[in-house]
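Q: final.txt is reproduced in full below (compact mmCIF, C-alpha atoms).
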# COMPACT_ATOMS: atom_id res chain seq x y z
CA MET A 1 19.91 11.91 -14.57
CA LYS A 2 20.48 8.15 -14.45
CA LYS A 3 19.45 8.03 -10.80
CA ALA A 4 16.29 9.99 -11.59
CA ALA A 5 15.41 7.58 -14.42
CA ILE A 6 15.93 4.57 -12.12
CA GLY A 7 13.84 6.23 -9.40
CA PHE A 8 11.08 6.95 -11.91
CA PHE A 9 11.11 3.32 -13.09
CA VAL A 10 10.92 2.08 -9.49
CA VAL A 11 7.92 4.33 -8.79
CA VAL A 12 6.18 3.24 -12.02
CA THR A 13 6.82 -0.42 -11.18
CA LEU A 14 5.43 -0.09 -7.66
CA ALA A 15 2.37 1.75 -9.02
CA LEU A 16 1.87 -1.05 -11.58
CA MET A 17 2.15 -3.70 -8.87
CA ALA A 18 -0.51 -1.96 -6.79
CA TRP A 19 -2.74 -1.44 -9.84
CA GLY A 20 -2.28 -5.06 -10.93
CA PHE A 21 -3.24 -6.29 -7.46
CA TYR A 22 -6.32 -4.06 -7.47
CA GLN A 23 -7.32 -5.35 -10.91
CA ALA A 24 -6.81 -8.99 -9.93
CA ILE A 25 -8.67 -8.82 -6.62
CA TYR A 26 -11.35 -6.16 -7.09
CA VAL A 27 -11.97 -5.62 -10.81
CA ALA A 28 -11.75 -9.03 -12.52
CA PRO A 29 -14.87 -11.14 -11.97
CA ASN A 30 -14.87 -14.61 -10.41
CA ASP A 31 -14.39 -17.44 -12.89
CA ALA A 32 -17.68 -19.14 -13.83
CA MET A 33 -16.28 -22.62 -13.13
CA GLN A 34 -13.60 -22.12 -10.49
CA GLY A 35 -14.85 -19.10 -8.60
CA GLU A 36 -12.43 -16.94 -6.62
CA ILE A 37 -9.49 -19.38 -6.69
CA PHE A 38 -8.99 -18.61 -10.39
CA ARG A 39 -7.48 -15.25 -9.35
CA ILE A 40 -4.23 -17.11 -8.64
CA PHE A 41 -3.93 -17.10 -12.45
CA TYR A 42 -3.01 -13.38 -12.36
CA TYR A 43 0.17 -14.12 -10.40
CA HIS A 44 0.89 -17.68 -11.57
CA VAL A 45 0.94 -17.15 -15.35
CA PRO A 46 2.89 -13.84 -15.43
CA SER A 47 5.49 -15.41 -13.10
CA ALA A 48 5.89 -18.35 -15.50
CA SER A 49 6.20 -16.00 -18.50
CA VAL A 50 8.82 -13.84 -16.80
CA ALA A 51 10.75 -16.95 -15.69
CA PHE A 52 10.87 -18.15 -19.31
CA LEU A 53 12.05 -14.72 -20.46
CA PHE A 54 14.86 -14.63 -17.91
CA PHE A 55 15.98 -18.15 -18.73
CA ALA A 56 16.26 -16.87 -22.31
CA VAL A 57 18.42 -13.99 -21.00
CA SER A 58 20.58 -16.60 -19.27
CA LEU A 59 20.81 -18.57 -22.53
CA ILE A 60 21.96 -15.50 -24.48
CA GLY A 61 24.45 -14.65 -21.73
CA SER A 62 25.82 -18.20 -21.74
CA ILE A 63 26.19 -18.31 -25.53
CA GLY A 64 27.75 -14.83 -25.51
CA PHE A 65 30.20 -15.87 -22.82
CA LEU A 66 31.30 -18.98 -24.72
CA ALA A 67 31.60 -17.01 -27.96
CA SER A 68 33.67 -14.15 -26.55
CA ARG A 69 35.68 -15.67 -23.69
CA ARG A 70 38.88 -15.96 -25.75
CA GLY A 71 38.61 -12.91 -28.02
CA ASN A 72 37.13 -10.36 -25.62
CA PRO A 73 37.38 -11.33 -21.93
CA ASP A 74 35.79 -8.10 -20.67
CA ARG A 75 32.70 -8.59 -22.80
CA ALA A 76 32.65 -12.27 -21.79
CA GLN A 77 32.46 -11.25 -18.13
CA ALA A 78 29.50 -8.97 -18.87
CA PHE A 79 27.76 -11.84 -20.71
CA ASP A 80 28.48 -14.14 -17.78
CA ALA A 81 26.94 -11.61 -15.39
CA TRP A 82 23.76 -11.55 -17.53
CA ALA A 83 23.76 -15.36 -17.58
CA VAL A 84 23.90 -15.70 -13.80
CA ALA A 85 21.44 -12.85 -13.24
CA GLY A 86 18.93 -14.36 -15.68
CA ALA A 87 19.27 -17.81 -14.15
CA GLU A 88 18.92 -16.65 -10.54
CA VAL A 89 15.98 -14.30 -11.06
CA GLY A 90 14.40 -16.93 -13.34
CA VAL A 91 14.65 -19.44 -10.50
CA VAL A 92 12.93 -16.98 -8.15
CA PHE A 93 10.00 -16.59 -10.57
CA CYS A 94 9.92 -20.34 -11.26
CA THR A 95 9.77 -20.92 -7.48
CA VAL A 96 6.70 -18.67 -7.37
CA VAL A 97 5.12 -20.77 -10.13
CA LEU A 98 5.88 -24.02 -8.27
CA ALA A 99 4.53 -22.58 -5.00
CA THR A 100 1.32 -21.03 -6.31
CA GLY A 101 0.53 -23.93 -8.66
CA PRO A 102 -0.08 -26.54 -5.94
CA LEU A 103 -2.20 -24.07 -3.92
CA TRP A 104 -4.39 -23.60 -6.99
CA ALA A 105 -4.35 -27.33 -7.83
CA ARG A 106 -5.48 -28.32 -4.32
CA ARG A 107 -8.70 -26.35 -4.75
CA ALA A 108 -9.24 -26.90 -8.49
CA TRP A 109 -8.25 -30.57 -8.80
CA GLY A 110 -8.35 -31.75 -5.19
CA ILE A 111 -4.64 -32.65 -5.20
CA TRP A 112 -1.46 -30.71 -4.44
CA TRP A 113 0.66 -32.29 -7.16
CA THR A 114 0.56 -34.81 -9.97
CA TRP A 115 3.35 -36.07 -12.20
CA ASP A 116 1.87 -34.80 -15.44
CA ALA A 117 3.97 -33.41 -18.29
CA ARG A 118 3.60 -29.69 -17.57
CA LEU A 119 4.27 -29.95 -13.85
CA THR A 120 7.11 -32.43 -14.18
CA THR A 121 8.96 -30.53 -16.92
CA THR A 122 8.60 -27.31 -14.90
CA LEU A 123 10.07 -29.01 -11.84
CA ILE A 124 12.95 -30.36 -13.97
CA LEU A 125 13.56 -26.85 -15.34
CA TRP A 126 13.73 -25.48 -11.80
CA LEU A 127 16.08 -28.28 -10.70
CA ILE A 128 18.42 -27.69 -13.68
CA TYR A 129 18.75 -24.00 -12.87
CA VAL A 130 19.13 -24.65 -9.13
CA SER A 131 22.00 -27.01 -10.03
CA TYR A 132 23.41 -24.24 -12.25
CA LEU A 133 23.40 -21.87 -9.27
CA LEU A 134 24.91 -24.52 -6.98
CA LEU A 135 27.66 -25.13 -9.53
CA ARG A 136 28.45 -21.43 -9.58
CA ARG A 137 28.38 -21.25 -5.81
CA PHE A 138 30.55 -24.26 -4.95
CA ALA A 139 32.76 -25.01 -7.97
CA ALA A 140 36.08 -23.20 -8.20
CA GLY A 141 38.74 -22.70 -10.82
CA PRO A 142 38.93 -21.14 -14.27
CA GLN A 143 36.58 -23.68 -15.88
CA MET A 144 33.63 -22.92 -13.60
CA GLN A 145 32.14 -20.19 -15.82
CA THR A 146 32.52 -22.35 -18.93
CA LEU A 147 30.84 -25.35 -17.28
CA ALA A 148 28.06 -23.12 -15.99
CA ALA A 149 27.52 -21.65 -19.46
CA VAL A 150 27.18 -25.13 -20.98
CA LEU A 151 24.73 -26.16 -18.24
CA GLY A 152 22.82 -22.90 -18.78
CA ILE A 153 22.41 -23.72 -22.47
CA PHE A 154 21.19 -27.26 -21.71
CA GLY A 155 18.79 -25.89 -19.10
CA ALA A 156 17.26 -23.50 -21.60
CA LEU A 157 16.45 -26.42 -23.90
CA ASP A 158 13.80 -27.45 -21.36
CA VAL A 159 11.94 -24.13 -21.71
CA PRO A 160 10.27 -24.93 -25.09
CA ILE A 161 9.47 -28.43 -23.79
CA VAL A 162 7.71 -26.91 -20.76
CA TYR A 163 5.87 -24.46 -23.02
CA MET A 164 4.72 -27.13 -25.47
CA SER A 165 4.07 -29.89 -22.91
CA ASN A 166 0.33 -29.27 -22.60
CA ARG A 167 0.04 -29.10 -26.39
CA TRP A 168 2.03 -32.27 -27.09
CA TRP A 169 0.58 -34.45 -24.32
CA ARG A 170 -2.74 -34.81 -22.58
CA THR A 171 -2.14 -33.38 -19.15
CA GLN A 172 -3.95 -32.73 -15.90
CA HIS A 173 -2.80 -29.14 -16.33
CA PRO A 174 -5.34 -27.17 -18.39
CA ALA A 175 -4.81 -26.61 -22.10
CA PRO A 176 -3.26 -23.25 -23.08
CA VAL A 177 -5.50 -20.28 -22.41
CA PHE A 178 -3.80 -18.23 -25.12
CA GLY A 179 -2.86 -19.68 -28.49
CA GLY A 180 -4.46 -23.00 -27.69
CA ALA A 181 -7.24 -24.96 -29.37
CA PRO A 182 -10.15 -23.16 -31.08
CA GLY A 183 -12.38 -21.66 -28.43
CA SER A 184 -9.57 -21.10 -25.95
CA GLY A 185 -9.00 -17.66 -24.45
CA MET A 186 -10.27 -15.48 -21.66
CA ASP A 187 -13.38 -13.47 -21.15
CA LYS A 188 -12.86 -9.82 -22.07
CA SER A 189 -13.58 -8.76 -18.50
CA MET A 190 -10.53 -10.73 -17.32
CA VAL A 191 -8.04 -9.80 -20.05
CA GLY A 192 -7.34 -6.34 -18.62
CA ALA A 193 -6.42 -7.69 -15.18
CA PHE A 194 -4.18 -10.30 -16.78
CA LEU A 195 -2.34 -7.81 -19.02
CA TRP A 196 -1.82 -5.33 -16.17
CA ASN A 197 -0.31 -8.06 -14.04
CA MET A 198 1.87 -9.25 -16.93
CA LEU A 199 3.23 -5.71 -17.31
CA ALA A 200 3.66 -5.23 -13.56
CA TRP A 201 5.54 -8.49 -13.04
CA LEU A 202 7.67 -7.87 -16.12
CA CYS A 203 8.72 -4.45 -14.78
CA TRP A 204 9.35 -5.90 -11.31
CA GLY A 205 11.41 -8.71 -12.84
CA LEU A 206 13.47 -6.30 -14.96
CA LEU A 207 14.18 -4.23 -11.86
CA ILE A 208 15.39 -7.26 -9.91
CA LEU A 209 17.33 -8.55 -12.93
CA ALA A 210 19.15 -5.23 -13.33
CA LEU A 211 19.99 -5.18 -9.62
CA ARG A 212 21.31 -8.76 -9.72
CA TYR A 213 23.39 -7.90 -12.80
CA ARG A 214 24.92 -4.92 -10.99
CA VAL A 215 25.76 -7.09 -7.97
CA GLU A 216 27.49 -9.65 -10.19
CA ARG A 217 29.44 -7.02 -12.11
CA LYS A 218 30.56 -5.44 -8.88
CA SER A 219 31.67 -8.83 -7.59
CA GLN A 220 33.70 -9.36 -10.77
CA LEU A 221 35.30 -5.92 -10.42
CA ILE A 222 36.28 -6.56 -6.78
CA GLU A 223 37.85 -9.89 -7.76
CA ALA A 224 39.74 -8.26 -10.64
CA GLU A 225 40.93 -5.48 -8.31
CA GLU A 226 42.15 -8.05 -5.79
CA ALA A 227 43.93 -10.06 -8.48
CA GLN A 228 45.63 -6.89 -9.73
CA GLN A 229 46.75 -5.98 -6.21
CA ALA A 230 48.08 -9.52 -5.67
CA LEU A 231 50.14 -9.21 -8.85
CA GLU A 232 51.53 -5.85 -7.80
CA ALA A 233 52.38 -6.99 -4.25
CA MET B 1 -20.36 -17.60 2.38
CA ASP B 2 -20.16 -21.37 2.16
CA GLN B 3 -17.23 -23.52 3.28
CA ALA B 4 -15.81 -23.95 -0.25
CA ALA B 5 -15.80 -20.20 -0.88
CA ILE B 6 -14.03 -19.57 2.44
CA LEU B 7 -11.38 -22.16 1.56
CA ASP B 8 -10.95 -20.66 -1.93
CA HIS B 9 -10.41 -17.26 -0.35
CA GLN B 10 -7.85 -18.61 2.13
CA PHE B 11 -5.91 -20.42 -0.59
CA LEU B 12 -5.94 -17.30 -2.76
CA ILE B 13 -4.54 -15.19 0.09
CA ALA B 14 -1.92 -17.89 0.74
CA ALA B 15 -0.82 -17.89 -2.92
CA TYR B 16 -0.49 -14.09 -3.03
CA ALA B 17 1.32 -14.03 0.33
CA VAL B 18 3.75 -16.75 -0.76
CA THR B 19 4.47 -14.86 -3.98
CA TRP B 20 5.29 -11.65 -2.14
CA THR B 21 7.30 -13.45 0.53
CA ILE B 22 9.50 -15.07 -2.13
CA GLN B 23 9.94 -11.85 -4.13
CA LEU B 24 10.60 -9.56 -1.17
CA GLY B 25 12.81 -12.18 0.47
CA TYR B 26 14.96 -12.31 -2.64
CA LEU B 27 15.06 -8.51 -2.83
CA ALA B 28 16.25 -8.39 0.80
CA PHE B 29 18.90 -11.03 0.01
CA LEU B 30 20.16 -8.91 -2.90
CA GLY B 31 20.19 -5.82 -0.71
CA MET B 32 22.32 -7.59 1.92
CA LYS B 33 24.67 -8.86 -0.77
CA TRP B 34 25.00 -5.34 -2.17
CA ARG B 35 25.88 -3.93 1.26
CA ALA B 36 28.39 -6.71 1.94
CA GLN B 37 30.07 -5.98 -1.40
CA LYS B 38 30.36 -2.29 -0.55
CA ARG B 39 32.09 -3.17 2.71
CA GLU B 40 34.40 -5.63 0.96
CA GLN B 41 35.30 -3.12 -1.73
CA ALA B 42 36.21 -0.56 0.92
CA ARG B 43 38.28 -3.16 2.78
CA VAL B 44 40.12 -4.25 -0.37
CA ARG B 45 41.01 -0.65 -1.19
CA GLN B 46 42.06 0.07 2.39
CA ASN B 47 44.09 -3.06 2.99
CA PRO B 48 44.78 -5.03 -0.22
CA ARG B 49 46.17 -8.17 1.42
CA GLN B 50 43.32 -8.77 3.86
CA ARG B 51 40.08 -10.24 2.55
CA ALA B 52 36.95 -10.91 4.57
CA ASN B 53 35.29 -14.32 4.16
Would you write the structure of this file as structure tokens?

A:
Amino acid sequence: MKKAAIGFFVVVTLALMAWGFYQAIYVAPNDAMQGEIFRIFYYHVPSASVAFLFFAVSLIGSIGFLASRRGNPDRAQAFDAWAVAGAEVGVVFCTVVLATGPLWARRAWGIWWTWDARLTTTLILWLIYVSYLLLRRFAAGPQMQTLAAVLGIFGALDVPIVYMSNRWWRTQHPAPVFGGAPGSGMDKSMVGAFLWNMLAWLCWGLLILALRYRVERKSQLIEAEEAQQALEA
Amino acid sequence: MDQAAILDHQFLIAAYAVTWTIQLGYLAFLGMKWRAQKREQARVRQNPRQRAN
């Protein structure tokens, strides 16, 4: 039953990805100002949104780990697995944002990169979570998970700064399309393509997140099994 | 099609291709990790004192 549900979700996600691609390339019209290059928006913005969501998952996992590591070690390990899964998959989506952004910028602004608030804070966010993953990969000892959890919480503090950066400061990056100044927003003919791609990338991200969580839990179980065997030997 | 439109199209294709390369590359990495874990789990259960690096 569980396998069937997972299989169904995989099929739905793949269908959504295909439908989202079709909407973005063939259904949505060219932008009046930017032309065809604006279609990068349909991959760039959903990737950023999903990255933010998964960094929030990492934040909750980190807080949960710190809160339960003494009282309930088993639950703490599950929280830690969510923290690392959220951070790693968040980094993947953030990498997509940092890769597609310059390609769009080169055509729209004539430059690959500029040190404006939105771009710089996004790069810092990516660097913080890459350092989180490096810490988890190379640090050893019982304090590693605790240090990683603290770093994960500090990293998440950058997310609202990234989100608000083009509201707080004048930036090269465009003002918010949604929830921005009066008159902001998208043409109705483009909203459908955007929402389909948001849904598709969210489902894809959840699939990858669940897989990464399973891998981490399995790794924890193998380590626990080995530790138990070492004690019994 | 003018030169600017051709360039726009090429950059759009590049952005979509980069996105899929990153996502599928990560999925492949997870798949390899999953398989390696399965092997390690079997090894740990078979011979508790020997661990693969």

Q: Please identify every residue of region 7-39 of chain B that has at least one atom no farther than 10 Å from an atom of region 200-219 of chain A, counting all atoms listed in the file, and for each give the shortest atom pair and the distance in Å to one decimal, arranged by chain then increasing number, as a tab-separated table.

A:
residue	atom	partner	partner_atom	distance
B:Gln23	CA	A:Ile208	CA	9.2
B:Tyr26	CA	A:Ile208	CA	8.9
B:Leu27	CA	A:Ile208	CA	7.2
B:Leu30	CA	A:Arg212	CA	6.9
B:Gly31	CA	A:Leu211	CA	8.9
B:Lys33	CA	A:Val215	CA	7.5
B:Trp34	CA	A:Val215	CA	6.1
B:Arg35	CA	A:Val215	CA	9.8
B:Gln37	CA	A:Ser219	CA	7.0
B:Lys38	CA	A:Lys218	CA	8.9

Q: Please indicate the distance in Å from CA of Val162 (chain A) to CA of Thr122 (chain A), rounded to one decimal place.

A: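 That distance, rounded to one decimal, is 5.9 Å.
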
Q: Can you tell me how far CA of Ala17 (chain B) sits from CA of Ala83 (chain A), in Å to one decimal?

A: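 Result for CA of Ala17 (chain B) versus CA of Ala83 (chain A): 28.7 Å, one decimal.
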
Q: Near chain B, meaning an atom within 6 Å, which residues of chain A appear when counting only C-alpha atoms? Write them as JSON, numbers by chain.

A: {"A": [37, 96, 100]}

Q: Report as a PyMOL selection string all protein, DNA and RNA residues lying within 8 Å of region 192-197 of chain A, evaluated on only C-alpha atoms, omitting residues in the same chain fewer than 4 positions from it.

A: chain A and resi 16-17+19-21+23-24+27-28+42-43+46+188+201

Q: Would you mind exporting the chosen residues as a PDB file, keeping the file's coordinate frame, restricted to C-alpha atoms?

A:
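Now in again_33.pdb:
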ATOM      1  CA  LEU A  16       1.870  -1.050 -11.580  1.00  0.00           C
ATOM      2  CA  MET A  17       2.150  -3.700  -8.870  1.00  0.00           C
ATOM      3  CA  TRP A  19      -2.740  -1.440  -9.840  1.00  0.00           C
ATOM      4  CA  GLY A  20      -2.280  -5.060 -10.930  1.00  0.00           C
ATOM      5  CA  PHE A  21      -3.240  -6.290  -7.460  1.00  0.00           C
ATOM      6  CA  GLN A  23      -7.320  -5.350 -10.910  1.00  0.00           C
ATOM      7  CA  ALA A  24      -6.810  -8.990  -9.930  1.00  0.00           C
ATOM      8  CA  VAL A  27     -11.970  -5.620 -10.810  1.00  0.00           C
ATOM      9  CA  ALA A  28     -11.750  -9.030 -12.520  1.00  0.00           C
ATOM     10  CA  TYR A  42      -3.010 -13.380 -12.360  1.00  0.00           C
ATOM     11  CA  TYR A  43       0.170 -14.120 -10.400  1.00  0.00           C
ATOM     12  CA  PRO A  46       2.890 -13.840 -15.430  1.00  0.00           C
ATOM     13  CA  LYS A 188     -12.860  -9.820 -22.070  1.00  0.00           C
ATOM     14  CA  TRP A 201       5.540  -8.490 -13.040  1.00  0.00           C
TER      15      TRP A 201
END
